>>> print(open('run-v1.csv').read())   # CSV, C-alpha atoms
chain,number,residue,atom,x,y,z
A,1,MET,CA,0.0,0.0,0.0
A,2,LEU,CA,2.9,2.4,0.9
A,3,LYS,CA,4.5,1.6,-2.5
A,4,LEU,CA,1.2,2.5,-4.2
A,5,LEU,CA,0.8,5.7,-2.3
A,6,ARG,CA,4.3,6.7,-3.1
A,7,ALA,CA,3.9,5.9,-6.8
A,8,GLU,CA,0.6,7.8,-7.0
A,9,SER,CA,1.9,10.9,-5.2
A,10,TYR,CA,5.0,10.8,-7.5
A,11,LYS,CA,2.8,10.7,-10.6
A,12,LEU,CA,0.5,13.4,-9.4
A,13,ARG,CA,3.3,15.7,-8.3
A,14,LYS,CA,4.8,15.4,-11.8
A,15,LYS,CA,1.5,16.4,-13.4
A,16,LEU,CA,1.5,20.0,-12.4
A,17,ARG,CA,-1.6,20.8,-14.4
A,18,SER,CA,-3.6,18.1,-12.6
A,19,TRP,CA,-3.1,19.4,-9.1
A,20,LEU,CA,-2.3,23.1,-9.5
A,21,GLY,CA,-5.1,23.6,-12.1
A,22,PRO,CA,-8.0,22.9,-9.7
A,23,LEU,CA,-6.4,25.0,-6.9
A,24,LEU,CA,-6.0,27.9,-9.2
A,25,ILE,CA,-9.6,27.6,-10.5
A,26,MET,CA,-10.8,27.6,-6.9
A,27,LEU,CA,-8.8,30.7,-6.1
A,28,LEU,CA,-9.9,32.4,-9.3
A,29,VAL,CA,-13.6,31.8,-8.7
A,30,LEU,CA,-13.4,32.9,-5.1
A,31,ILE,CA,-11.6,36.1,-6.0
A,32,ALA,CA,-13.4,36.9,-9.2
A,33,PHE,CA,-16.9,36.4,-7.9
A,34,PRO,CA,-16.9,39.4,-5.5
A,35,LEU,CA,-15.1,41.5,-8.1
A,36,SER,CA,-17.7,40.8,-10.7
A,37,ILE,CA,-20.6,42.1,-8.6
A,38,ASP,CA,-21.1,45.4,-6.8
A,39,ILE,CA,-20.5,44.1,-3.3
A,40,SER,CA,-21.7,47.3,-1.7
A,41,GLN,CA,-25.2,46.3,-2.9
A,42,PHE,CA,-25.1,42.7,-1.7
A,43,ASP,CA,-24.7,41.1,1.6
A,44,LEU,CA,-21.9,38.6,0.9
A,45,ASN,CA,-22.6,37.0,4.3
A,46,LYS,CA,-25.8,35.6,3.0
A,47,PHE,CA,-24.6,33.8,0.0
A,48,TYR,CA,-20.8,33.7,-0.3
A,49,PHE,CA,-20.6,30.2,1.2
A,50,SER,CA,-22.7,29.0,-1.8
A,51,ILE,CA,-19.9,30.2,-4.0
A,52,ILE,CA,-17.4,28.3,-2.0
A,53,VAL,CA,-19.5,25.1,-2.2
A,54,VAL,CA,-20.1,25.5,-6.0
A,55,SER,CA,-16.4,26.1,-6.6
A,56,LEU,CA,-15.5,23.2,-4.4
A,57,LEU,CA,-17.8,21.0,-6.5
A,58,MET,CA,-16.4,22.4,-9.7
A,59,THR,CA,-12.7,21.9,-8.7
A,60,SER,CA,-13.4,18.4,-7.5
A,61,PHE,CA,-15.0,17.7,-10.8
A,62,VAL,CA,-12.0,19.1,-12.7
A,63,ALA,CA,-9.5,17.4,-10.5
A,64,THR,CA,-10.8,13.9,-10.9
A,65,GLU,CA,-11.2,14.1,-14.7
A,66,GLY,CA,-8.0,12.2,-15.5
A,67,MET,CA,-7.9,10.0,-12.4
A,68,PHE,CA,-8.0,6.6,-14.1
A,69,GLU,CA,-8.2,7.5,-17.8
A,70,GLU,CA,-4.5,8.0,-18.3
A,71,ASP,CA,-3.5,4.8,-16.6
A,72,PHE,CA,-6.2,2.9,-18.6
A,73,GLU,CA,-5.0,4.4,-21.9
A,74,ASP,CA,-1.3,3.8,-21.4
A,75,GLY,CA,-1.6,0.3,-20.0
A,76,SER,CA,-0.5,1.0,-16.5
A,77,LEU,CA,-3.8,-0.1,-15.1
A,78,GLU,CA,-3.4,-3.7,-16.4
A,79,GLN,CA,0.2,-3.8,-15.2
A,80,GLU,CA,-0.9,-2.7,-11.7
A,81,PHE,CA,-3.7,-5.4,-11.8
A,82,LEU,CA,-1.1,-8.1,-12.5
A,83,VAL,CA,0.8,-7.1,-9.4
A,84,GLU,CA,-2.1,-6.4,-7.0
A,85,LYS,CA,-4.7,-8.9,-8.5
A,86,ASP,CA,-7.5,-6.4,-7.9
A,87,PHE,CA,-7.9,-2.7,-7.9
A,88,TYR,CA,-9.1,-2.0,-4.4
A,89,LYS,CA,-5.8,-0.8,-3.0
A,90,ILE,CA,-4.9,1.0,-6.2
A,91,VAL,CA,-8.2,3.0,-6.2
A,92,LEU,CA,-8.0,3.7,-2.5
A,93,SER,CA,-4.5,5.0,-2.7
A,94,LYS,CA,-5.3,7.1,-5.7
A,95,ILE,CA,-8.3,8.7,-3.9
A,96,MET,CA,-6.2,9.3,-0.8
A,97,ILE,CA,-3.4,11.0,-2.7
A,98,TYR,CA,-5.9,13.2,-4.6
A,99,VAL,CA,-7.5,14.2,-1.3
A,100,CYS,CA,-4.1,14.9,0.3
A,101,MET,CA,-2.7,16.9,-2.7
A,102,ILE,CA,-5.8,18.6,-4.0
A,103,GLY,CA,-8.6,18.1,-1.5
A,104,ILE,CA,-6.8,19.4,1.6
A,105,PRO,CA,-5.4,22.5,-0.1
A,106,ILE,CA,-8.9,23.2,-1.6
A,107,GLY,CA,-10.3,22.9,2.0
A,108,PHE,CA,-7.7,25.3,3.2
A,109,ILE,CA,-8.5,27.8,0.5
A,110,GLY,CA,-12.2,27.5,1.1
A,111,SER,CA,-11.9,28.0,4.8
A,112,ALA,CA,-9.6,31.0,4.4
A,113,PHE,CA,-12.2,32.6,2.2
A,114,SER,CA,-15.0,31.8,4.6
A,115,PHE,CA,-14.3,35.2,6.3
A,116,ALA,CA,-16.4,36.7,3.6
A,117,ASN,CA,-19.2,34.7,4.9
A,118,GLY,CA,-18.9,36.3,8.3
A,119,VAL,CA,-17.2,33.3,9.9
A,120,ASP,CA,-14.8,34.2,12.7
A,121,ALA,CA,-11.1,33.3,12.3
A,122,GLU,CA,-11.3,30.8,15.2
A,123,GLU,CA,-14.0,28.9,13.3
A,124,PHE,CA,-11.8,28.4,10.2
A,125,PRO,CA,-10.5,24.9,11.4
A,126,LYS,CA,-14.2,23.8,11.6
A,127,VAL,CA,-14.9,25.0,8.0
A,128,PHE,CA,-11.6,23.4,6.9
A,129,LEU,CA,-12.7,20.0,8.4
A,130,LEU,CA,-16.1,20.2,6.7
A,131,LEU,CA,-14.7,21.1,3.3
A,132,THR,CA,-12.0,18.4,3.4
A,133,LEU,CA,-14.5,15.8,4.4
A,134,SER,CA,-16.8,17.0,1.6
A,135,ASN,CA,-13.9,16.7,-0.8
A,136,LEU,CA,-13.3,13.2,0.3
A,137,LEU,CA,-16.9,12.3,-0.5
A,138,LEU,CA,-16.9,14.2,-3.8
A,139,PHE,CA,-13.6,12.6,-4.9
A,140,ASN,CA,-15.0,9.2,-4.2
A,141,LEU,CA,-18.2,9.9,-6.1
A,142,PHE,CA,-16.4,11.5,-9.1
A,143,ALA,CA,-13.9,8.7,-9.2
A,144,PHE,CA,-16.8,6.3,-9.6
A,145,GLY,CA,-18.1,8.4,-12.5
A,146,ASN,CA,-14.6,8.5,-14.0
A,147,ALA,CA,-14.3,4.7,-13.8
A,148,LEU,CA,-17.8,4.2,-15.3
A,149,SER,CA,-17.0,5.8,-18.6
A,150,ILE,CA,-13.2,5.4,-18.7
A,151,ASN,CA,-13.2,4.3,-22.4
A,152,LYS,CA,-15.8,6.9,-23.6
A,153,GLY,CA,-14.2,10.0,-22.0
A,154,ALA,CA,-14.2,10.2,-18.2
A,155,MET,CA,-16.2,13.5,-18.2
A,156,LEU,CA,-19.3,11.8,-19.3
A,157,GLY,CA,-19.3,9.4,-16.3
A,158,ILE,CA,-18.4,12.2,-13.9
A,159,LEU,CA,-21.4,14.2,-15.2
A,160,SER,CA,-23.7,11.3,-14.6
A,161,THR,CA,-22.6,11.1,-10.9
A,162,LEU,CA,-23.4,14.8,-10.4
A,163,PRO,CA,-26.9,14.0,-8.9
A,164,LEU,CA,-25.2,11.8,-6.3
A,165,THR,CA,-23.3,14.9,-5.0
A,166,LEU,CA,-26.5,16.7,-4.1
A,167,PRO,CA,-26.8,15.1,-0.6
A,168,VAL,CA,-23.2,16.1,0.1
A,169,ILE,CA,-23.9,19.7,-0.8
A,170,ILE,CA,-27.1,19.7,1.3
A,171,LEU,CA,-25.2,18.2,4.3
A,172,LEU,CA,-22.3,20.7,3.9
A,173,GLY,CA,-24.8,23.6,3.8
A,174,ARG,CA,-26.4,22.3,7.0
A,175,ALA,CA,-23.0,21.9,8.6
A,176,VAL,CA,-22.0,25.4,7.8
A,177,ARG,CA,-25.2,26.8,9.3
A,178,THR,CA,-24.3,25.0,12.6
A,179,ILE,CA,-21.0,27.0,12.6
A,180,GLN,CA,-22.8,30.2,11.9
A,181,PHE,CA,-25.4,29.6,14.6
A,182,GLY,CA,-23.0,28.1,17.0
A,183,GLU,CA,-24.7,24.8,17.9
A,184,GLY,CA,-24.9,21.2,16.7
A,185,PHE,CA,-21.5,21.3,14.9
A,186,PHE,CA,-20.0,18.2,16.4
A,187,GLU,CA,-23.1,16.1,15.8
A,188,ILE,CA,-23.0,16.9,12.1
A,189,LEU,CA,-19.2,16.5,12.0
A,190,ILE,CA,-19.5,13.0,13.4
A,191,LEU,CA,-22.2,12.2,10.9
A,192,MET,CA,-20.0,13.5,8.0
A,193,ILE,CA,-17.0,11.5,9.3
A,194,GLY,CA,-19.1,8.4,9.5
A,195,ILE,CA,-20.5,8.8,6.0
A,196,SER,CA,-17.0,9.6,4.7
A,197,LEU,CA,-15.5,6.5,6.2
A,198,LEU,CA,-18.3,4.3,4.9
A,199,VAL,CA,-18.1,5.7,1.4
A,200,THR,CA,-14.3,5.5,1.4
A,201,ALA,CA,-14.5,1.9,2.4
A,202,ILE,CA,-17.2,0.8,-0.1
A,203,MET,CA,-16.7,3.0,-3.1
A,204,PRO,CA,-13.3,1.6,-4.1
A,205,LEU,CA,-14.9,-1.8,-4.2
A,206,ILE,CA,-17.5,-0.6,-6.7
A,207,ILE,CA,-14.9,1.4,-8.7
A,208,SER,CA,-12.6,-1.7,-8.8
A,209,ALA,CA,-15.4,-3.8,-10.3
A,210,ALA,CA,-16.1,-1.0,-12.9
A,211,LEU,CA,-12.4,-0.9,-13.8
A,212,LYS,CA,-12.1,-4.7,-14.1
A,213,THR,CA,-15.2,-4.7,-16.4
A,214,HIS,CA,-13.5,-2.1,-18.6
A,215,LEU,CA,-10.3,-4.1,-18.8
A,216,ASP,CA,-12.2,-7.3,-19.6
B,1,MET,CA,7.0,-27.6,-12.5
B,2,GLN,CA,3.7,-26.8,-13.9
B,3,LEU,CA,2.8,-23.1,-13.8
B,4,ILE,CA,-0.4,-22.7,-15.7
B,5,SER,CA,-2.9,-25.0,-17.3
B,6,ALA,CA,-5.7,-23.9,-19.6
B,7,ASN,CA,-8.8,-26.1,-19.5
B,8,SER,CA,-11.0,-26.1,-22.6
B,9,ILE,CA,-11.0,-22.3,-22.9
B,10,GLY,CA,-13.0,-20.6,-25.5
B,11,HIS,CA,-13.7,-16.9,-26.1
B,12,SER,CA,-16.1,-14.9,-28.1
B,13,ILE,CA,-16.4,-11.2,-28.7
B,14,ASN,CA,-19.7,-9.8,-29.9
B,15,GLU,CA,-20.8,-13.3,-30.7
B,16,LYS,CA,-17.8,-13.8,-33.0
B,17,LYS,CA,-15.9,-16.9,-31.8
B,18,LEU,CA,-12.2,-16.3,-31.5
B,19,PHE,CA,-11.1,-19.7,-30.4
B,20,HIS,CA,-12.7,-22.8,-28.9
B,21,ASP,CA,-11.8,-25.6,-26.6
B,22,LEU,CA,-8.1,-24.8,-26.1
B,23,SER,CA,-6.3,-26.8,-23.6
B,24,PHE,CA,-2.6,-26.6,-22.8
B,25,SER,CA,-0.1,-26.4,-19.9
B,26,ILE,CA,2.9,-24.2,-19.3
B,27,PHE,CA,5.8,-25.7,-17.4
B,28,SER,CA,8.9,-24.0,-16.0
B,29,GLY,CA,11.5,-23.7,-18.7
B,30,ASN,CA,8.9,-24.0,-21.5
B,31,SER,CA,8.3,-21.5,-24.2
B,32,LEU,CA,5.1,-21.2,-26.2
B,33,HIS,CA,4.8,-19.2,-29.4
B,34,ILE,CA,1.1,-18.3,-30.2
B,35,LYS,CA,0.7,-17.8,-33.9
B,36,GLY,CA,-2.2,-16.7,-36.1
B,37,GLY,CA,-3.5,-13.9,-38.3
B,38,ASN,CA,-4.7,-10.5,-37.3
B,39,GLY,CA,-7.8,-10.6,-35.1
B,40,CYS,CA,-7.6,-14.3,-34.4
B,41,GLY,CA,-7.4,-13.7,-30.6
B,42,LYS,CA,-3.7,-14.0,-29.8
B,43,SER,CA,-3.6,-10.9,-27.6
B,44,THR,CA,-7.0,-11.9,-26.0
B,45,LEU,CA,-5.6,-15.3,-25.2
B,46,LEU,CA,-2.6,-13.7,-23.5
B,47,ARG,CA,-4.9,-11.5,-21.5
B,48,ILE,CA,-7.0,-14.6,-20.5
B,49,ILE,CA,-3.8,-16.4,-19.4
B,50,LEU,CA,-2.9,-13.3,-17.3
B,51,GLY,CA,-6.4,-13.2,-15.7
B,52,ILE,CA,-7.2,-9.7,-17.1
B,53,THR,CA,-9.9,-11.0,-19.4
B,54,THR,CA,-12.4,-13.7,-18.3
B,55,PRO,CA,-12.8,-16.4,-20.9
B,56,SER,CA,-16.3,-17.1,-22.3
B,57,LYS,CA,-15.8,-20.8,-21.6
B,58,GLY,CA,-13.3,-22.9,-19.6
B,59,SER,CA,-10.8,-21.8,-17.0
B,60,ILE,CA,-7.2,-21.1,-16.3
B,61,GLU,CA,-5.5,-22.7,-13.4
B,62,TYR,CA,-2.5,-21.2,-11.7
B,63,HIS,CA,-0.4,-23.8,-10.0
B,64,ASN,CA,2.1,-21.4,-8.4
B,65,GLN,CA,0.3,-18.4,-6.9
B,66,ASP,CA,3.6,-16.8,-6.0
B,67,ALA,CA,5.0,-16.9,-9.5
B,68,VAL,CA,6.3,-13.5,-10.7
B,69,ILE,CA,4.8,-12.5,-14.1
B,70,SER,CA,6.3,-10.0,-16.4
B,71,TYR,CA,4.0,-8.8,-19.2
B,72,LEU,CA,4.4,-6.4,-22.1
B,73,GLY,CA,1.3,-5.9,-24.2
B,74,HIS,CA,0.4,-3.5,-26.9
B,75,LYS,CA,0.3,-0.6,-24.5
B,76,ASN,CA,3.7,0.4,-23.2
B,77,ALA,CA,2.6,1.6,-19.7
B,78,ILE,CA,5.0,4.5,-20.0
B,79,LYS,CA,4.2,7.9,-18.6
B,80,ASN,CA,4.7,10.5,-21.3
B,81,TYR,CA,5.2,13.3,-18.8
B,82,LEU,CA,8.2,11.6,-17.2
B,83,THR,CA,11.7,11.0,-18.4
B,84,PRO,CA,12.9,7.4,-19.0
B,85,ILE,CA,14.7,7.5,-15.6
B,86,GLU,CA,11.6,8.8,-13.8
B,87,ASN,CA,9.6,6.1,-15.4
B,88,LEU,CA,12.0,3.4,-14.2
B,89,GLU,CA,12.0,5.0,-10.7
B,90,LEU,CA,8.3,4.6,-10.6
B,91,LEU,CA,8.5,0.9,-11.4
B,92,PHE,CA,11.5,-0.4,-9.6
B,93,ASN,CA,12.8,-0.3,-6.0
B,94,ASN,CA,16.4,0.8,-5.4
B,95,SER,CA,18.0,-2.6,-5.9
B,96,GLN,CA,16.2,-3.3,-9.2
B,97,LEU,CA,16.7,0.3,-10.4
B,98,SER,CA,20.4,-0.1,-10.8
B,99,VAL,CA,19.8,-3.2,-13.0
B,100,ALA,CA,17.1,-1.2,-15.0
B,101,LEU,CA,19.5,1.7,-15.5
B,102,ARG,CA,22.2,-0.7,-16.8
B,103,TRP,CA,19.6,-2.0,-19.3
B,104,LEU,CA,18.9,1.6,-20.3
B,105,ASP,CA,22.5,2.0,-21.1
B,106,THR,CA,22.8,-1.4,-22.9
B,107,LEU,CA,19.8,-0.5,-25.1
B,108,GLY,CA,21.5,2.7,-26.2
B,109,MET,CA,19.1,5.0,-24.4
B,110,SER,CA,21.7,6.9,-22.3
B,111,LYS,CA,21.5,9.9,-24.7
B,112,VAL,CA,17.8,10.4,-24.1
B,113,VAL,CA,17.5,9.9,-20.4
B,114,ASP,CA,16.7,13.6,-19.8
B,115,GLU,CA,14.1,13.8,-22.6
B,116,LEU,CA,10.4,13.4,-21.8
B,117,SER,CA,9.2,10.0,-22.8
B,118,ALA,CA,6.6,11.7,-25.1
B,119,ASN,CA,9.5,13.0,-27.2
B,120,LEU,CA,11.0,9.5,-27.7
B,121,SER,CA,10.5,7.6,-30.9
B,122,PHE,CA,8.2,4.5,-31.1
B,123,GLY,CA,11.2,2.2,-30.9
B,124,GLN,CA,12.8,4.0,-28.0
B,125,GLN,CA,9.5,3.9,-26.1
B,126,LYS,CA,9.3,0.2,-26.8
B,127,LYS,CA,12.8,-0.3,-25.5
B,128,LEU,CA,11.9,1.6,-22.4
B,129,ALA,CA,8.8,-0.6,-21.9
B,130,LEU,CA,10.9,-3.7,-22.4
B,131,ILE,CA,13.1,-2.8,-19.5
B,132,ARG,CA,10.1,-3.6,-17.3
B,133,VAL,CA,10.6,-7.2,-18.5
B,134,LEU,CA,14.4,-7.3,-18.7
B,135,ALA,CA,15.3,-5.9,-15.3
B,136,GLN,CA,12.8,-7.8,-13.3
B,137,PRO,CA,13.4,-11.4,-12.2
B,138,SER,CA,10.4,-13.4,-13.3
B,139,ASP,CA,9.0,-16.9,-13.4
B,140,LEU,CA,6.7,-16.3,-16.4
B,141,ILE,CA,7.3,-13.8,-19.2
B,142,ILE,CA,4.4,-12.9,-21.4
B,143,LEU,CA,5.0,-10.8,-24.5
B,144,ASP,CA,2.7,-9.5,-27.1
B,145,GLU,CA,4.5,-8.7,-30.3
B,146,PRO,CA,7.7,-7.8,-28.5
B,147,PHE,CA,9.8,-7.3,-31.6
B,148,VAL,CA,7.7,-4.7,-33.3
B,149,GLY,CA,9.4,-1.4,-33.6
B,150,LEU,CA,12.8,-2.7,-32.5
B,151,ASP,CA,16.0,-2.5,-34.6
B,152,ASN,CA,17.8,-5.7,-35.5
B,153,ALA,CA,20.5,-5.4,-32.8
B,154,THR,CA,17.8,-5.0,-30.1
B,155,ARG,CA,15.8,-7.9,-31.5
B,156,ASP,CA,18.8,-10.2,-31.3
B,157,LEU,CA,19.6,-8.9,-27.8
B,158,LEU,CA,16.0,-9.6,-26.7
B,159,SER,CA,16.0,-13.0,-28.3
B,160,ASN,CA,19.2,-13.9,-26.5
B,161,PHE,CA,17.9,-12.6,-23.2
B,162,LEU,CA,14.7,-14.7,-23.6
B,163,LYS,CA,16.7,-17.8,-24.5
B,164,GLU,CA,18.8,-17.4,-21.3
B,165,LYS,CA,15.8,-16.8,-19.2
B,166,VAL,CA,14.1,-20.0,-20.5
B,167,LEU,CA,17.4,-21.9,-20.0
B,168,ASP,CA,17.4,-20.6,-16.4
B,169,GLY,CA,13.9,-22.1,-15.8
B,170,ALA,CA,11.6,-19.2,-16.6
B,171,SER,CA,8.6,-19.8,-18.9
B,172,LEU,CA,7.9,-17.7,-21.9
B,173,ILE,CA,4.6,-17.1,-23.8
B,174,LEU,CA,4.7,-14.8,-26.8
B,175,THR,CA,2.9,-13.8,-29.9
B,176,SER,CA,4.9,-12.5,-32.8
B,177,HIS,CA,4.7,-12.2,-36.5
B,178,ILE,CA,8.5,-12.1,-36.5
B,179,GLU,CA,10.2,-15.4,-35.8
B,180,PRO,CA,11.6,-15.1,-32.3
B,181,LEU,CA,14.8,-17.2,-32.9
B,182,ILE,CA,13.9,-19.3,-29.8
B,183,ASP,CA,12.9,-22.9,-29.8
B,184,CYS,CA,9.3,-22.7,-28.9
B,185,ASP,CA,6.2,-25.0,-28.8
B,186,VAL,CA,3.7,-23.5,-31.3
B,187,LEU,CA,0.1,-22.9,-30.8
B,188,GLU,CA,-1.7,-21.9,-34.0
B,189,LEU,CA,-4.9,-19.9,-33.7
B,190,GLY,CA,-7.3,-19.0,-36.3
B,191,GLY,CA,-9.7,-20.5,-38.8
B,192,TYR,CA,-12.5,-20.9,-36.2
B,193,ASN,CA,-15.5,-19.1,-37.6
B,194,ALA,CA,-18.4,-21.1,-36.4
>>> encode(input="run-v1.csv", output="structure tokens")
Amino acid sequence: MLKLLRAESYKLRKKLRSWLGPLLIMLLVLIAFPLSIDISQFDLNKFYFSIIVVSLLMTSFVATEGMFEEDFEDGSLEQEFLVEKDFYKIVLSKIMIYVCMIGIPIGFIGSAFSFANGVDAEEFPKVFLLLTLSNLLLFNLFAFGNALSINKGAMLGILSTLPLTLPVIILLGRAVRTIQFGEGFFEILILMIGISLLVTAIMPLIISAALKTHLD
Amino acid sequence: MQLISANSIGHSINEKKLFHDLSFSIFSGNSLHIKGGNGCGKSTLLRIILGITTPSKGSIEYHNQDAVISYLGHKNAIKNYLTPIENLELLFNNSQLSVALRWLDTLGMSKVVDELSANLSFGQQKKLALIRVLAQPSDLIILDEPFVGLDNATRDLLSNFLKEKVLDGASLILTSHIEPLIDCDVLELGGYNA
């Protein structure tokens, strides 16, 4: 597993566009949005977090686009299958590395920008946790979409999994409200951790089956 | 020692039967050359032997689960955004890496080690992919058209390497339209159009 994690992080590090692109898009959206409206006329507190959530969704979408496609196209996936005999560990390590190298920085950027939403600085770690957990869920879901349509362009499959992300967004919205109103945060955090662990344990199994079907 | 046995395997793609009722065994030190025209299922048979593709009928039995398999298919499994050395670093641990780097030199690739793999010629990419097989100690070597794109010197070098490996007890299964210069059992596919 360690070897896989090392290999995946090495590959992603070398693909500057794959990890830096989503982070820059996130930054760009979060900076450009207030500039594009007359902020003196709008109360950013009321809706800026929606912008953070939408950009989170968009960047997760973009970040996972080439998750398996490249390995499938160049034959690395079948070589990895010969060594590991199934894809579970491969998928899990890929998702973990994507979360560490893209998801966590996105969570950090999102939480740093949550000041525009009227969140106090001491609450930033809470927002960071929520965004990172949401990212873990989104990466799992989009990875599934990616694996579904790996030989027909990964974007198609990712689009088809968009409806599955709606509960994540609703949950994230609720969780943020608990921070703003100051109660019920830990209950919802535990719920999100539970869901994230469950999805992270099960989704790689489903993704593995989808990848094996495509190799077949 | 028996490594693999195929029991009455058959395979169809989109209702087109590729082969039917094939049974054979692979022993240590054996080499098998799978022959046949284009589209007769040679590569598919290799993928079935490897367990990547599930046969429509029959089964493959692996007698030694710990056997190390080296495989090179149509796809080179090379990362275009990495240099040849970085590609090898991705594949091999420290002890194997020095062997891999020696092969890089032997195959005349030392001049292009700093180039991105995307900029290498087809033959150079093939050589780089072959190092996966050459530098790794393996019990079973499976190669799909390994000589395509290689110059004569590299073909001879690869043939000699494979001969030595078979003499050392490794098994070899390959498909090739170019005669491999190795004594092999032959399995002829094709002509099954039921």
>>> residues_around(input="run-v1.csv", residues="segment 143-156 of chain A", least_positions_apart="5", cutoff="6 Å", atoms="all atoms listed in the file", output="list of chain:residue names")
A:Glu69, A:Thr161, A:Ile207, A:Ala210, A:Leu211
>>> residues_around(input="run-v1.csv", residues="Ser98 of chain B", least_positions_apart="5", cutoff="12 Å", atoms="all atoms listed in the file", output="PDB file with C-alpha atoms, keeping the file's coordinate frame")
ATOM      1  CA  ILE B  85      14.700   7.500 -15.600  1.00  0.00           C
ATOM      2  CA  LEU B  88      12.000   3.400 -14.200  1.00  0.00           C
ATOM      3  CA  GLU B  89      12.000   5.000 -10.700  1.00  0.00           C
ATOM      4  CA  LEU B  91       8.500   0.900 -11.400  1.00  0.00           C
ATOM      5  CA  PHE B  92      11.500  -0.400  -9.600  1.00  0.00           C
ATOM      6  CA  ASN B  93      12.800  -0.300  -6.000  1.00  0.00           C
ATOM      7  CA  TRP B 103      19.600  -2.000 -19.300  1.00  0.00           C
ATOM      8  CA  LEU B 104      18.900   1.600 -20.300  1.00  0.00           C
ATOM      9  CA  ASP B 105      22.500   2.000 -21.100  1.00  0.00           C
ATOM     10  CA  ILE B 131      13.100  -2.800 -19.500  1.00  0.00           C
ATOM     11  CA  ALA B 135      15.300  -5.900 -15.300  1.00  0.00           C
ATOM     12  CA  GLN B 136      12.800  -7.800 -13.300  1.00  0.00           C
TER      13      GLN B 136
END
>>> atom_distance(input="run-v1.csv", atom1="atom CA of Thr200 of chain A", atom2="atom CA of Ile102 of chain A")
16.5 Å
>>> residues_around(input="run-v1.csv", residues="segment 185-190 of chain A", least_positions_apart="2", cutoff="9 Å", atoms="all atoms listed in the file", output="list of chain:residue names")
A:Lys126, A:Leu129, A:Leu130, A:Leu133, A:Leu171, A:Arg174, A:Ala175, A:Val176, A:Arg177, A:Thr178, A:Ile179, A:Gly182, A:Glu183, A:Met192, A:Ile193, A:Gly194, A:Ile195
>>> closest_residue(input="run-v1.csv", among="A:Ile106, A:Met1, A:Leu215, A:Leu172", to="chain B", atoms="all atoms listed in the file")
A:Leu215
>>> closest_residue(input="run-v1.csv", among="B:Gln125, B:Asn14, B:Thr44, B:Ser8", to="Val148 of chain B", atoms="only C-alpha atoms")
B:Gln125
>>> residues_around(input="run-v1.csv", residues="segment 22-31 of chain B", least_positions_apart="6", cutoff="9 Å", atoms="all atoms listed in the file", output="ChimeraX atom specification")
/B:1-10,58,139-140,165-174,182-186
>>> decode(input="run-v1.csv", residues="segment 29-40 of chain A", atoms="N, CA and C atoms", output="mmCIF file, in the first residue's frame")
data_model
loop_
_atom_site.group_PDB
_atom_site.id
_atom_site.type_symbol
_atom_site.label_atom_id
_atom_site.label_comp_id
_atom_site.auth_asym_id
_atom_site.auth_seq_id
_atom_site.Cartn_x
_atom_site.Cartn_y
_atom_site.Cartn_z
ATOM 1 N N VAL A 29 -12.132 31.618 -8.898
ATOM 2 C CA VAL A 29 -13.582 31.793 -8.717
ATOM 3 C C VAL A 29 -13.854 32.590 -7.449
ATOM 4 N N LEU A 30 -13.169 32.234 -6.375
ATOM 5 C CA LEU A 30 -13.439 32.891 -5.095
ATOM 6 C C LEU A 30 -13.028 34.364 -5.102
ATOM 7 N N ILE A 31 -11.990 34.686 -5.877
ATOM 8 C CA ILE A 31 -11.570 36.089 -5.955
ATOM 9 C C ILE A 31 -12.415 36.839 -6.981
ATOM 10 N N ALA A 32 -12.671 36.179 -8.107
ATOM 11 C CA ALA A 32 -13.352 36.874 -9.206
ATOM 12 C C ALA A 32 -14.813 37.148 -8.899
ATOM 13 N N PHE A 33 -15.437 36.259 -8.139
ATOM 14 C CA PHE A 33 -16.869 36.441 -7.913
ATOM 15 C C PHE A 33 -17.195 37.780 -7.231
ATOM 16 N N PRO A 34 -16.582 38.107 -6.081
ATOM 17 C CA PRO A 34 -16.921 39.407 -5.460
ATOM 18 C C PRO A 34 -16.546 40.589 -6.339
ATOM 19 N N LEU A 35 -15.512 40.414 -7.182
ATOM 20 C CA LEU A 35 -15.102 41.514 -8.060
ATOM 21 C C LEU A 35 -16.116 41.744 -9.172
ATOM 22 N N SER A 36 -16.830 40.676 -9.522
ATOM 23 C CA SER A 36 -17.732 40.780 -10.670
ATOM 24 C C SER A 36 -19.096 41.356 -10.281
ATOM 25 N N ILE A 37 -19.343 41.515 -8.987
ATOM 26 C CA ILE A 37 -20.609 42.137 -8.577
ATOM 27 C C ILE A 37 -20.296 43.390 -7.757
ATOM 28 N N ASP A 38 -21.283 44.214 -7.603
ATOM 29 C CA ASP A 38 -21.096 45.401 -6.775
ATOM 30 C C ASP A 38 -21.352 44.995 -5.320
ATOM 31 N N ILE A 39 -20.273 44.695 -4.580
ATOM 32 C CA ILE A 39 -20.458 44.109 -3.256
ATOM 33 C C ILE A 39 -21.111 45.067 -2.258
ATOM 34 N N SER A 40 -21.090 46.378 -2.584
ATOM 35 C CA SER A 40 -21.729 47.305 -1.662
ATOM 36 C C SER A 40 -23.253 47.126 -1.677
#
